[in-house]
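Colleague: Structure: entry_20.cif, mmCIF, C-alpha atoms.
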data_query
loop_
_atom_site.label_atom_id
_atom_site.label_comp_id
_atom_site.auth_asym_id
_atom_site.auth_seq_id
_atom_site.Cartn_x
_atom_site.Cartn_y
_atom_site.Cartn_z
CA MET K 11 85.41 103.52 94.50
CA THR K 12 85.49 107.24 93.75
CA THR K 13 86.48 107.90 90.15
CA GLU K 14 86.05 111.68 90.17
CA PHE K 15 87.92 114.13 92.39
CA LEU K 16 88.12 117.90 92.40
CA ILE K 17 91.26 119.43 93.82
CA GLN K 18 89.71 122.73 94.74
CA ASN K 19 91.16 126.21 95.21
CA ALA K 20 94.83 125.27 95.32
CA ASP K 21 97.12 128.16 96.21
CA THR K 22 99.35 127.34 93.23
CA VAL K 23 99.15 124.85 90.37
CA LEU K 24 102.37 124.25 88.43
CA THR K 25 100.98 122.76 85.24
CA MET K 26 104.22 121.98 83.34
CA ASP K 27 102.08 122.22 80.21
CA ASP K 28 103.50 123.52 76.91
CA ALA K 29 103.05 127.12 78.10
CA ARG K 30 104.44 126.29 81.57
CA ARG K 31 101.43 128.02 83.15
CA VAL K 32 101.46 128.76 86.86
CA LEU K 33 97.91 129.19 88.18
CA HIS K 34 96.75 130.61 91.51
CA GLY K 35 93.50 129.81 93.30
CA ALA K 36 92.92 127.07 90.75
CA ASP K 37 91.17 123.70 90.55
CA VAL K 38 92.10 120.39 88.94
CA LEU K 39 89.31 117.99 87.98
CA ILE K 40 90.12 114.27 87.83
CA ARG K 41 87.74 111.95 86.03
CA GLY K 42 88.64 108.30 85.75
CA GLY K 43 92.35 108.05 85.10
CA GLN K 44 92.65 111.39 83.32
CA ILE K 45 92.75 115.10 84.03
CA ALA K 46 89.41 116.46 82.83
CA ALA K 47 89.98 120.18 83.41
CA VAL K 48 92.32 122.71 85.00
CA GLY K 49 91.06 126.19 85.88
CA GLN K 50 88.92 128.21 88.28
CA GLY K 51 85.42 127.53 89.52
CA LEU K 52 85.21 123.90 88.45
CA GLN K 53 82.40 121.70 89.73
CA THR K 54 82.10 118.01 90.59
CA ALA K 55 79.64 115.41 91.77
CA GLY K 56 82.60 113.46 93.15
CA GLU K 57 84.91 113.95 96.11
CA ILE K 58 86.40 117.38 96.87
CA VAL K 59 90.03 117.57 98.00
CA SER K 60 90.95 120.94 99.43
CA GLY K 61 93.94 122.62 97.81
CA ARG K 62 94.08 125.51 100.27
CA GLY K 63 97.59 126.07 101.53
CA CYS K 64 98.93 123.67 98.91
CA VAL K 65 101.02 123.58 95.76
CA VAL K 66 99.85 121.10 93.12
CA THR K 67 102.34 119.61 90.66
CA PRO K 68 102.43 116.72 88.26
CA GLY K 69 103.66 113.58 89.96
CA LEU K 70 107.45 113.32 89.98
CA VAL K 71 109.12 110.81 87.65
CA ASN K 72 112.05 108.58 88.60
CA THR K 73 114.12 107.53 85.58
CA HIS K 74 116.73 105.30 87.26
CA HIS K 75 116.65 103.00 90.28
CA HIS K 76 117.72 99.59 91.54
CA LEU K 77 114.91 98.79 93.92
CA TYR K 78 116.45 95.59 95.24
CA GLN K 79 119.29 97.59 96.82
CA ASN K 80 117.07 98.89 99.62
CA LEU K 81 118.23 95.92 101.69
CA THR K 82 121.87 97.06 101.50
CA ARG K 83 121.90 100.67 102.62
CA ALA K 84 124.96 102.03 104.44
CA VAL K 85 126.87 98.75 104.25
CA PRO K 86 130.26 99.00 106.04
CA GLY K 87 133.06 98.65 103.53
CA ALA K 88 130.92 100.21 100.79
CA GLN K 89 130.09 103.50 102.49
CA ASP K 90 133.23 105.30 101.32
CA ALA K 91 134.20 103.26 98.25
CA LEU K 92 134.42 104.38 94.63
CA LEU K 93 132.10 102.76 92.08
CA PHE K 94 134.07 99.62 91.19
CA GLY K 95 135.11 98.88 94.78
CA TRP K 96 131.58 99.56 95.95
CA LEU K 97 130.23 96.99 93.49
CA GLN K 98 132.78 94.37 94.49
CA ARG K 99 131.80 94.77 98.16
CA LEU K 100 128.08 94.39 97.46
CA TYR K 101 127.90 91.72 94.75
CA PRO K 102 128.38 88.80 97.21
CA ILE K 103 125.56 90.13 99.40
CA TRP K 104 123.18 90.55 96.49
CA ALA K 105 123.96 86.99 95.40
CA ARG K 106 122.03 85.82 98.51
CA PHE K 107 118.76 87.48 97.50
CA THR K 108 115.64 85.41 96.80
CA PRO K 109 112.40 86.38 95.04
CA ASP K 110 110.93 87.32 98.42
CA GLU K 111 113.74 89.81 99.10
CA MET K 112 113.30 91.27 95.62
CA PHE K 113 109.55 91.74 96.15
CA VAL K 114 109.72 93.24 99.64
CA SER K 115 112.62 95.53 98.78
CA ALA K 116 110.74 96.78 95.70
CA GLN K 117 107.63 97.44 97.76
CA LEU K 118 109.54 99.47 100.32
CA GLY K 119 111.46 101.41 97.67
CA LEU K 120 108.31 102.28 95.75
CA ALA K 121 106.54 103.34 98.95
CA GLU K 122 109.47 105.62 99.77
CA LEU K 123 109.32 107.12 96.28
CA ALA K 124 105.57 107.68 96.52
CA LEU K 125 105.93 109.60 99.77
CA SER K 126 108.42 111.89 98.01
CA GLY K 127 105.86 112.70 95.30
CA CYS K 128 106.74 110.06 92.70
CA THR K 129 103.96 108.61 90.54
CA LEU K 130 106.03 106.93 87.79
CA SER K 131 109.26 105.03 88.37
CA SER K 132 111.60 103.04 86.21
CA ASP K 133 113.72 100.27 87.70
CA HIS K 134 116.90 98.57 86.48
CA LEU K 135 117.07 94.98 87.72
CA TYR K 136 120.20 93.38 86.30
CA LEU K 137 120.81 90.36 88.58
CA TYR K 138 118.55 87.38 89.15
CA PRO K 139 119.92 85.12 91.89
CA ASN K 140 118.10 82.12 93.34
CA GLY K 141 115.11 82.19 91.00
CA ALA K 142 114.39 85.93 91.13
CA ARG K 143 112.51 87.32 88.12
CA LEU K 144 111.56 90.75 86.85
CA GLU K 145 107.93 90.21 87.80
CA ASP K 146 108.90 90.17 91.49
CA THR K 147 109.17 93.97 91.13
CA ILE K 148 106.22 94.30 88.74
CA HIS K 149 103.90 92.67 91.27
CA ALA K 150 105.20 95.01 93.99
CA ALA K 151 104.39 98.09 91.89
CA ARG K 152 100.97 96.72 91.01
CA ASP K 153 100.13 96.21 94.69
CA ILE K 154 101.12 99.76 95.63
CA GLY K 155 99.53 101.35 92.56
CA LEU K 156 102.50 103.21 91.10
CA ARG K 157 103.00 103.53 87.38
CA PHE K 158 106.03 101.40 86.55
CA HIS K 159 108.70 101.06 83.85
CA PRO K 160 110.83 98.07 84.86
CA THR K 161 113.78 97.10 82.69
CA ARG K 162 115.11 93.58 82.17
CA GLY K 163 118.76 94.13 82.95
CA ALA K 164 121.56 91.59 82.60
CA MET K 165 125.21 90.82 83.30
CA SER K 166 127.08 88.25 81.18
CA ILE K 167 130.81 88.85 81.81
CA GLY K 168 131.99 87.54 85.17
CA GLU K 169 135.29 87.78 86.98
CA SER K 170 136.78 84.81 85.18
CA ASP K 171 136.29 86.63 81.86
CA GLY K 172 137.67 89.96 83.08
CA GLY K 173 134.39 91.48 84.28
CA LEU K 174 133.49 92.90 87.69
CA PRO K 175 130.61 90.69 88.88
CA PRO K 176 131.22 87.24 90.38
CA ASP K 177 130.55 84.39 87.96
CA SER K 178 127.56 83.30 90.07
CA LEU K 179 125.67 86.48 89.13
CA VAL K 180 126.14 86.41 85.35
CA GLU K 181 123.86 84.69 82.84
CA ASP K 182 124.19 83.04 79.47
CA GLU K 183 123.48 85.58 76.75
CA ARG K 184 121.02 83.38 74.85
CA ALA K 185 119.07 82.82 78.07
CA ILE K 186 119.09 86.58 78.72
CA LEU K 187 117.59 87.35 75.31
CA ASP K 188 114.99 84.60 75.71
CA ASP K 189 113.89 86.02 79.07
CA MET K 190 113.80 89.53 77.63
CA ILE K 191 111.30 88.25 75.06
CA ARG K 192 109.30 86.53 77.81
CA VAL K 193 108.91 89.59 80.03
CA VAL K 194 108.12 91.97 77.17
CA ASP K 195 105.49 89.60 75.79
CA GLY K 196 104.08 88.97 79.24
CA PHE K 197 104.05 92.42 80.86
CA HIS K 198 104.67 95.28 78.41
CA ASP K 199 101.62 97.44 77.73
CA PRO K 200 102.32 100.08 75.05
CA SER K 201 98.93 101.79 75.27
CA GLU K 202 98.43 105.37 76.44
CA GLY K 203 97.83 105.39 80.16
CA SER K 204 99.69 102.10 80.58
CA MET K 205 100.58 101.20 84.15
CA CYS K 206 103.50 98.98 83.09
CA ARG K 207 105.95 99.25 80.23
CA VAL K 208 109.03 97.05 80.04
CA GLY K 209 112.48 98.07 78.75
CA LEU K 210 115.66 96.14 77.94
CA ALA K 211 118.74 97.07 79.92
CA PRO K 212 122.09 95.25 79.74
CA CYS K 213 123.77 96.54 82.88
CA SER K 214 126.84 98.38 81.60
CA PRO K 215 129.67 98.21 79.06
CA PHE K 216 131.88 96.52 81.65
CA SER K 217 129.48 93.69 82.53
CA VAL K 218 128.10 92.55 79.15
CA SER K 219 129.57 91.87 75.71
CA ARG K 220 129.35 94.09 72.64
CA GLU K 221 127.25 91.34 71.07
CA LEU K 222 124.64 91.44 73.84
CA MET K 223 124.45 95.24 73.64
CA ARG K 224 123.88 95.01 69.89
CA ASP K 225 121.40 92.12 70.10
CA ALA K 226 119.40 93.82 72.86
CA ALA K 227 119.10 96.94 70.70
CA LEU K 228 117.87 94.90 67.74
CA LEU K 229 115.38 93.06 69.95
CA ALA K 230 114.10 96.28 71.52
CA ARG K 231 113.42 97.81 68.11
CA ASP K 232 111.68 94.63 66.99
CA LYS K 233 109.47 94.67 70.09
CA GLY K 234 108.94 98.43 70.18
CA VAL K 235 110.35 98.90 73.69
CA MET K 236 112.97 101.24 75.14
CA LEU K 237 116.64 100.66 75.96
CA HIS K 238 118.51 101.60 79.12
CA THR K 239 122.01 101.17 80.56
CA HIS K 240 124.70 102.90 82.62
CA LEU K 241 127.10 105.09 80.68
CA ALA K 242 130.07 107.40 81.36
CA GLU K 243 129.47 107.39 85.11
CA ASN K 244 132.98 108.25 86.29
CA ASP K 245 136.64 108.42 85.27
CA GLU K 246 137.07 104.66 85.72
CA ASP K 247 134.21 104.15 83.29
CA ILE K 248 135.88 106.32 80.63
CA ALA K 249 139.26 104.62 81.11
CA TYR K 250 137.65 101.18 80.75
CA SER K 251 135.89 102.18 77.51
CA GLU K 252 139.03 103.62 75.98
CA ALA K 253 141.16 100.62 76.98
CA LYS K 254 138.67 97.88 76.01
CA PHE K 255 136.87 99.41 73.05
CA GLY K 256 139.29 102.03 71.77
CA CYS K 257 136.71 104.81 71.98
CA ARG K 258 134.75 106.97 74.40
CA PRO K 259 131.37 105.75 75.72
CA GLY K 260 129.35 107.95 73.38
CA GLN K 261 130.98 106.44 70.31
CA TYR K 262 130.55 102.94 71.76
CA ALA K 263 126.83 103.61 72.27
CA GLU K 264 126.36 105.00 68.76
CA ASP K 265 128.24 102.11 67.11
CA LEU K 266 125.97 99.53 68.76
CA GLY K 267 122.65 101.26 68.09
CA TRP K 268 122.30 102.78 71.54
CA THR K 269 121.27 106.30 70.55
CA GLY K 270 117.81 107.60 69.69
CA ASP K 271 114.60 108.74 71.37
CA ASP K 272 113.94 105.16 72.51
CA VAL K 273 117.17 105.08 74.56
CA TRP K 274 118.07 106.59 77.90
CA HIS K 275 121.39 106.30 79.72
CA ALA K 276 121.99 106.60 83.45
CA HIS K 277 124.51 109.10 84.84
CA CYS K 278 126.55 110.41 81.85
CA VAL K 279 128.63 112.44 84.30
CA LYS K 280 131.67 112.42 82.01
CA LEU K 281 130.13 113.15 78.61
CA ASP K 282 132.22 115.59 76.58
CA ALA K 283 130.93 118.29 74.23
CA GLN K 284 130.92 115.98 71.21
CA GLU K 285 128.91 113.34 73.06
CA ILE K 286 126.43 115.94 74.31
CA ASP K 287 125.92 117.07 70.72
CA LEU K 288 125.39 113.43 69.64
CA PHE K 289 122.75 112.89 72.30
CA ALA K 290 121.04 116.17 71.43
CA ARG K 291 120.89 115.34 67.70
CA THR K 292 119.56 111.84 68.33
CA ARG K 293 117.24 112.82 71.21
CA THR K 294 118.93 110.24 73.45
CA GLY K 295 117.76 110.66 77.04
CA ILE K 296 119.74 110.90 80.27
CA ALA K 297 118.81 109.87 83.80
CA HIS K 298 120.66 112.37 86.00
CA CYS K 299 121.36 110.96 89.49
CA PRO K 300 122.95 113.83 91.45
CA CYS K 301 122.89 112.32 94.95
CA SER K 302 124.44 109.05 93.79
CA ASN K 303 127.06 110.94 91.80
CA CYS K 304 127.97 112.83 94.97
CA ARG K 305 127.84 109.71 97.17
CA LEU K 306 130.28 107.81 94.92
CA GLY K 307 132.44 110.84 94.15
CA SER K 308 131.74 110.50 90.43
CA GLY K 309 131.48 114.22 89.70
CA ILE K 310 128.91 116.75 88.54
CA ALA K 311 127.09 115.87 85.33
CA PRO K 312 127.03 118.75 82.79
CA VAL K 313 123.26 119.10 82.98
CA ARG K 314 123.26 122.80 82.13
CA ALA K 315 125.16 122.11 78.91
CA MET K 316 122.93 119.12 78.17
CA ARG K 317 119.72 121.09 78.61
CA ASP K 318 121.00 124.01 76.59
CA ALA K 319 121.93 121.66 73.75
CA GLY K 320 118.50 120.03 73.80
CA VAL K 321 119.33 116.69 75.42
CA PRO K 322 116.28 115.17 77.18
CA VAL K 323 117.12 114.97 80.91
CA GLY K 324 115.18 113.39 83.77
CA LEU K 325 116.07 112.60 87.37
CA GLY K 326 116.90 109.29 89.02
CA VAL K 327 117.43 108.41 92.66
CA ASP K 328 119.65 105.47 91.64
CA GLY K 329 119.98 102.43 93.87
CA SER K 330 119.54 102.91 97.58
CA ALA K 331 122.99 101.38 98.16
CA SER K 332 124.62 104.28 96.29
CA ASN K 333 122.27 106.99 97.51
CA ASP K 334 120.99 105.53 100.80
CA MET K 335 117.73 107.42 100.36
CA ALA K 336 115.15 107.54 97.59
CA SER K 337 113.53 110.96 97.66
CA LEU K 338 112.83 112.52 94.29
CA SER K 339 112.11 115.91 95.83
CA ALA K 340 115.54 115.82 97.49
CA GLU K 341 117.05 114.70 94.17
CA ALA K 342 115.54 117.70 92.38
CA ARG K 343 116.97 120.08 94.98
CA GLN K 344 120.39 118.45 94.70
CA ALA K 345 120.30 118.74 90.90
CA MET K 346 119.60 122.45 91.20
CA LEU K 347 122.35 123.03 93.76
CA LEU K 348 125.02 121.11 91.86
CA GLN K 349 124.45 123.09 88.68
CA ARG K 350 124.82 126.26 90.73
CA VAL K 351 128.08 124.99 92.24
CA ALA K 352 129.41 124.24 88.77
CA ASN K 353 128.02 127.21 86.84
CA GLY K 354 126.86 129.97 89.20
CA ALA K 355 123.81 130.82 91.28
CA ASP K 356 121.69 131.58 88.20
CA ALA K 357 122.49 128.29 86.45
CA MET K 358 119.26 126.52 87.43
CA SER K 359 116.09 127.78 89.06
CA ALA K 360 113.87 125.83 91.43
CA TYR K 361 111.18 125.84 88.73
CA GLU K 362 113.50 124.33 86.11
CA ALA K 363 114.66 121.61 88.49
CA LEU K 364 111.03 120.72 89.21
CA GLU K 365 110.33 120.64 85.48
CA ILE K 366 113.18 118.14 85.02
CA ALA K 367 111.68 116.05 87.84
CA THR K 368 108.23 115.94 86.22
CA ARG K 369 107.82 116.65 82.51
CA GLY K 370 111.51 116.02 81.84
CA GLY K 371 111.46 112.54 83.31
CA ALA K 372 108.20 111.64 81.61
CA ASP K 373 109.65 112.62 78.23
CA VAL K 374 112.83 110.60 78.85
CA LEU K 375 110.67 107.51 79.51
CA GLY K 376 108.61 108.12 76.37
CA ARG K 377 105.53 109.11 78.37
CA PRO K 378 104.17 112.42 77.03
CA ASP K 379 100.85 111.33 78.56
CA CYS K 380 102.42 111.96 81.98
CA GLY K 381 104.33 114.78 83.67
CA ARG K 382 101.86 117.56 82.85
CA LEU K 383 98.65 118.90 84.36
CA GLU K 384 96.41 119.50 81.37
CA PRO K 385 93.18 117.97 80.06
CA GLY K 386 93.63 114.55 78.50
CA LYS K 387 96.84 113.72 80.35
CA ARG K 388 97.00 111.03 83.00
CA ALA K 389 95.82 111.98 86.48
CA ASP K 390 99.20 111.58 88.21
CA ILE K 391 99.22 114.44 90.69
CA ALA K 392 101.19 115.45 93.78
CA ILE K 393 99.73 117.86 96.36
CA TRP K 394 102.21 119.51 98.71
CA ASP K 395 101.19 121.18 101.99
CA THR K 396 103.01 124.52 102.22
CA THR K 397 101.54 125.56 105.58
CA GLY K 398 104.19 123.74 107.60
CA ILE K 399 107.49 124.79 109.12
CA ALA K 400 109.55 124.04 105.98
CA SER K 401 107.65 126.68 103.97
CA SER K 402 107.02 129.20 106.72
CA GLY K 403 108.30 132.61 105.72
CA SER K 404 108.67 131.71 102.06
CA TRP K 405 107.60 134.48 99.69
CA ASP K 406 107.16 132.01 96.85
CA ALA K 407 105.66 128.72 98.03
CA ALA K 408 105.93 127.27 94.53
CA ALA K 409 109.73 127.53 94.73
CA MET K 410 109.49 124.65 97.16
CA LEU K 411 112.87 123.18 96.30
CA LEU K 412 114.33 126.22 98.04
CA ALA K 413 111.96 126.14 101.00
CA GLY K 414 109.21 123.60 101.19
CA PRO K 415 107.98 120.12 102.05
CA THR K 416 109.84 117.00 100.96
CA GLN K 417 106.90 114.63 101.39
CA VAL K 418 103.48 114.88 99.79
CA LYS K 419 100.17 115.42 101.51
CA HIS K 420 98.13 113.66 98.80
CA LEU K 421 99.17 111.64 95.76
CA PHE K 422 97.07 110.44 92.83
CA VAL K 423 98.15 107.86 90.27
CA GLU K 424 95.85 107.17 87.31
CA GLY K 425 93.14 109.00 89.25
CA LYS K 426 93.42 106.80 92.33
CA GLN K 427 94.45 108.28 95.68
CA ILE K 428 97.60 106.41 96.71
CA ILE K 429 98.50 108.79 99.56
CA ARG K 430 95.92 110.55 101.69
CA SER K 431 97.01 113.06 104.32
CA GLY K 432 100.55 111.72 104.25
CA GLU K 433 99.58 108.05 104.65
CA ILE K 434 99.86 105.35 101.98
CA THR K 435 96.42 103.85 101.38
CA THR K 436 97.39 100.68 99.51
CA LEU K 437 99.51 98.78 102.04
CA ASP K 438 100.37 98.42 105.72
CA LEU K 439 103.54 100.50 105.77
CA PRO K 440 104.59 99.82 109.40
CA ARG K 441 104.33 96.08 108.79
CA LEU K 442 106.30 96.41 105.53
CA ILE K 443 109.07 98.36 107.29
CA GLU K 444 109.21 95.71 110.03
CA ARG K 445 109.48 92.86 107.53
CA HIS K 446 112.05 94.70 105.41
CA GLY K 447 114.16 95.42 108.49
CA GLU K 448 114.09 91.77 109.51
CA MET K 449 115.39 90.77 106.07
CA ALA K 450 118.17 93.36 106.17
CA ARG K 451 119.28 92.24 109.64
CA ALA K 452 119.34 88.60 108.53
CA LEU K 453 121.56 89.49 105.57
CA ALA K 454 123.89 91.61 107.71
CA SER K 455 124.31 88.80 110.26
CA SER K 456 125.79 86.50 107.61
CA PHE K 457 128.51 88.94 106.46
#
Using structure tokens, write down the structure from this file.

Modeller:
Amino acid sequence: MTTEFLIQNADTVLTMDDARRVLHGADVLIRGGQIAAVGQGLQTAGEIVSGRGCVVTPGLVNTHHHLYQNLTRAVPGAQDALLFGWLQRLYPIWARFTPDEMFVSAQLGLAELALSGCTLSSDHLYLYPNGARLEDTIHAARDIGLRFHPTRGAMSIGESDGGLPPDSLVEDERAILDDMIRVVDGFHDPSEGSMCRVGLAPCSPFSVSRELMRDAALLARDKGVMLHTHLAENDEDIAYSEAKFGCRPGQYAEDLGWTGDDVWHAHCVKLDAQEIDLFARTRTGIAHCPCSNCRLGSGIAPVRAMRDAGVPVGLGVDGSASNDMASLSAEARQAMLLQRVANGADAMSAYEALEIATRGGADVLGRPDCGRLEPGKRADIAIWDTTGIASSGSWDAAAMLLAGPTQVKHLFVEGKQIIRSGEITTLDLPRLIERHGEMARALASSF
């Protein structure tokens, strides 16, 4: 297997390094799993990949997803519902899933992400029906070759105790903590260049107890892993926090140990100025999910204010049931456009949105070894063909979120070519789509 590649004479290389260099007519040398050099006139004894007519970027980073939801896209009765009603429609369907559905859905979701330029994805799996386990998704990522940050999610408060999920989908809190220990010990690799790191992720303040939130934080610090949950997603979320806990979500998170550079929260659409300042001071990360926030009518997250304050922000496609697609390039464009709607046409440039989608997401996930094109960093690289119709007429091909391709031509993860000329090299995608469709149709026929 080739371990050295030279991406040669790329029209533009967006390095996202500390100086944010933009290079023209440049090369990127990959050796093993790392970037060996970036510059002009580089040489190789390995394989040459032409960069002519292309923009080269770091691989995009997805900081929030629910991969299992790919089997429940565009479900009638959930298409136009707000968050809580949407969940109540879908929980009974998800309760039917088996390990096989979890695995196939994860494979399809990760393949979709890869085609959109993603090289590193987190996932938030918070329900485990019928023997499903976190490793169902870990094995899917391993087969495809994507760098993966799965999180062991959980729900412990069912309908009978005043929660949203049906009792059949909640777990005993002692069993949750025991399984968190199992998956961290079994699958978490903290080393630089790791292909799999595991986080702990009680689902949300309205589906687990204060005690589980606190205990998960203590366990995560003991194990040296990151924490993740949903927070301040919409007005219902804020009202629930104030009614149940007597405080806003930011205060709730701080009280239970859920702030710090080892924590990232999904959504945070409704953070106020005080909470933004708290997250900036503590370096608490945010997974911004603009398409999902639009789809569920949650609002526009104050990303401009967050970035200006110094809050780490990455992008997330969120679950396919609340987004219906999983394209990180589309997510980056939507993030840019929403900040312009809220704050004016100069509120966010195409370059800044792409930075959030690459370096920003890597930093949120605690991966400074990713998200940049510079020597010594991991060879996670997306190559975008800008000779097609989407870029035709563009005066600035690198501003591809304004006019450019939404799928990659080539994709490298840890120096291995996962996508070549627009085709995934690690699996039979047509067969996977066929199998996934069969599963979705079987589910739909029973509801």

Colleague: Nearest to Leu383 of chain K: which of K:Thr147, K:Thr368, K:Ser251, K:Gln417 is it, counting all atoms listed in the file?

Modeller: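 For Leu383 of chain K, the nearest of the candidates is K:Thr368.
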
Colleague: Could you tell me which of K:Val327, K:Ile366, K:Leu93, K:Asn140 comes closest to Ser308 of chain K if we count only C-alpha atoms?

Modeller: K:Leu93

Colleague: Translate the PyMOL selection byres ((chain K and resi 73) around 6), as applied to the file shown, into an explicit residue set as an mmCIF file with C-alpha atoms, in the coordinates of the input.

Modeller:
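Saved as selection29.cif:
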data_model
loop_
_atom_site.group_PDB
_atom_site.id
_atom_site.type_symbol
_atom_site.label_atom_id
_atom_site.label_comp_id
_atom_site.auth_asym_id
_atom_site.auth_seq_id
_atom_site.Cartn_x
_atom_site.Cartn_y
_atom_site.Cartn_z
ATOM 1 C CA ASN K 72 112.050 108.580 88.600
ATOM 2 C CA HIS K 74 116.730 105.300 87.260
ATOM 3 C CA SER K 132 111.600 103.040 86.210
ATOM 4 C CA ALA K 297 118.810 109.870 83.800
ATOM 5 C CA LEU K 325 116.070 112.600 87.370
ATOM 6 C CA GLY K 326 116.900 109.290 89.020
#

Colleague: Extract, using all atoms listed in the file, all DNA, RNA and protein residues at most 12 Å from segment 252-268 of chain K, discarding same-chain residues fewer than 5 positions from it, and format them as a PyMOL selection string.

Modeller: chain K and resi 172-173+210-212+214-216+219-231+236-247+273-275+277-295

Colleague: Name the residues captured by the PyMOL selection byres ((chain K and resi 123) around 12) when it is applied to the shown file; answer as a ChimeraX atom specification.

Modeller: /K:69-75,77,80,116-122,124-133,151,154-158,326-330,335-341,392,416-418,421,428-429,434

Colleague: Selection in question (the file shown): the PyMOL selection byres ((chain K and resi 419) around 7). Which residues does it include, as a VMD selection string?

Modeller: chain K and resid 393 to 395 417 to 418 420 to 421 430 to 432

Colleague: Need the shell around segment 41-54 of chain K: protein/DNA/RNA residues with any atom at most 6 Å away, counting only C-alpha atoms. Skip same-chain ones fewer than 6 positions apart. Format as a PyMOL selection string?

Modeller: chain K and resi 13-14+385-389+424-425

Colleague: Could you work out how far atom CA of Arg143 of chain K lies from atom CA of Met449 of chain K, giving the answer in Å with one decimal?

Modeller: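 Atom CA of Arg143 of chain K lies at a distance of 18.5 Å from atom CA of Met449 of chain K.
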
Colleague: Counting all atoms listed in the file, figure out which residue out of K:Pro200, K:Gly61, K:Pro139, K:Gly209 gets nearest to Val23 of chain K.

Modeller: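 Counting all atoms listed in the file, the residue closest to Val23 of chain K is K:Gly61.
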
Colleague: To one decimal place in Å, what is the distance between atom CA of His134 of chain K and atom CA of Gly163 of chain K?

Modeller: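 These atoms are spaced 6.0 Å apart.
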
Colleague: Mind checking which residues fall within 12 Å of Met26 of chain K, counting all atoms listed in the file, ignoring those fewer than 6 positions away in the same chain, and posting them as a ChimeraX atom specification?

Modeller: /K:32-33,66-70,361-373,378,380-384,387,391

Colleague: Tell me, as a list of chain:residue names, which residues lie within 10 Å of segment 348-354 of chain K, counting all atoms listed in the file; anything in the same chain fewer than 2 positions away does not count.

Modeller: K:Pro300, K:Cys301, K:Cys304, K:Gly309, K:Ile310, K:Ala311, K:Pro312, K:Val313, K:Arg314, K:Ala315, K:Arg343, K:Gln344, K:Ala345, K:Met346, K:Asp356, K:Ala357, K:Met358, K:Ser359, K:Ala363

Colleague: Closest to Met112 of chain K among K:Ile191, K:Ala84, K:Ala150, K:Cys206, using all atoms listed in the file?

Modeller: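 Of K:Ile191, K:Ala84, K:Ala150, K:Cys206, the one nearest Met112 of chain K, counting all atoms listed in the file, is K:Ala150.
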
Colleague: Rounded to one decimal, what separation in Å do you get between atom CA of Ala450 of chain K and atom CA of Leu81 of chain K?

Modeller: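 These atoms are spaced 5.2 Å apart.
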
Colleague: Using all atoms listed in the file, find the one residue out of K:Cys299, K:Val65, K:Ile186, K:Leu135 that sits nearest to Ser332 of chain K.

Modeller: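 For Ser332 of chain K, the nearest of the given residues is K:Cys299.
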
Colleague: Using only C-alpha atoms, can you tell me which of K:Pro176, K:Thr25, K:Val85, K:Pro160 comes closest to Gln98 of chain K?

Modeller: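 That would be K:Pro176, the residue with the smallest distance to Gln98 of chain K.
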
Colleague: Residues near Arg62 of chain K, anyone? I mean within 7 Å using only C-alpha atoms, not counting same-chain ones fewer than 3 positions away, as JSON, numbers by chain.

Modeller: {"K": [19, 20, 21]}
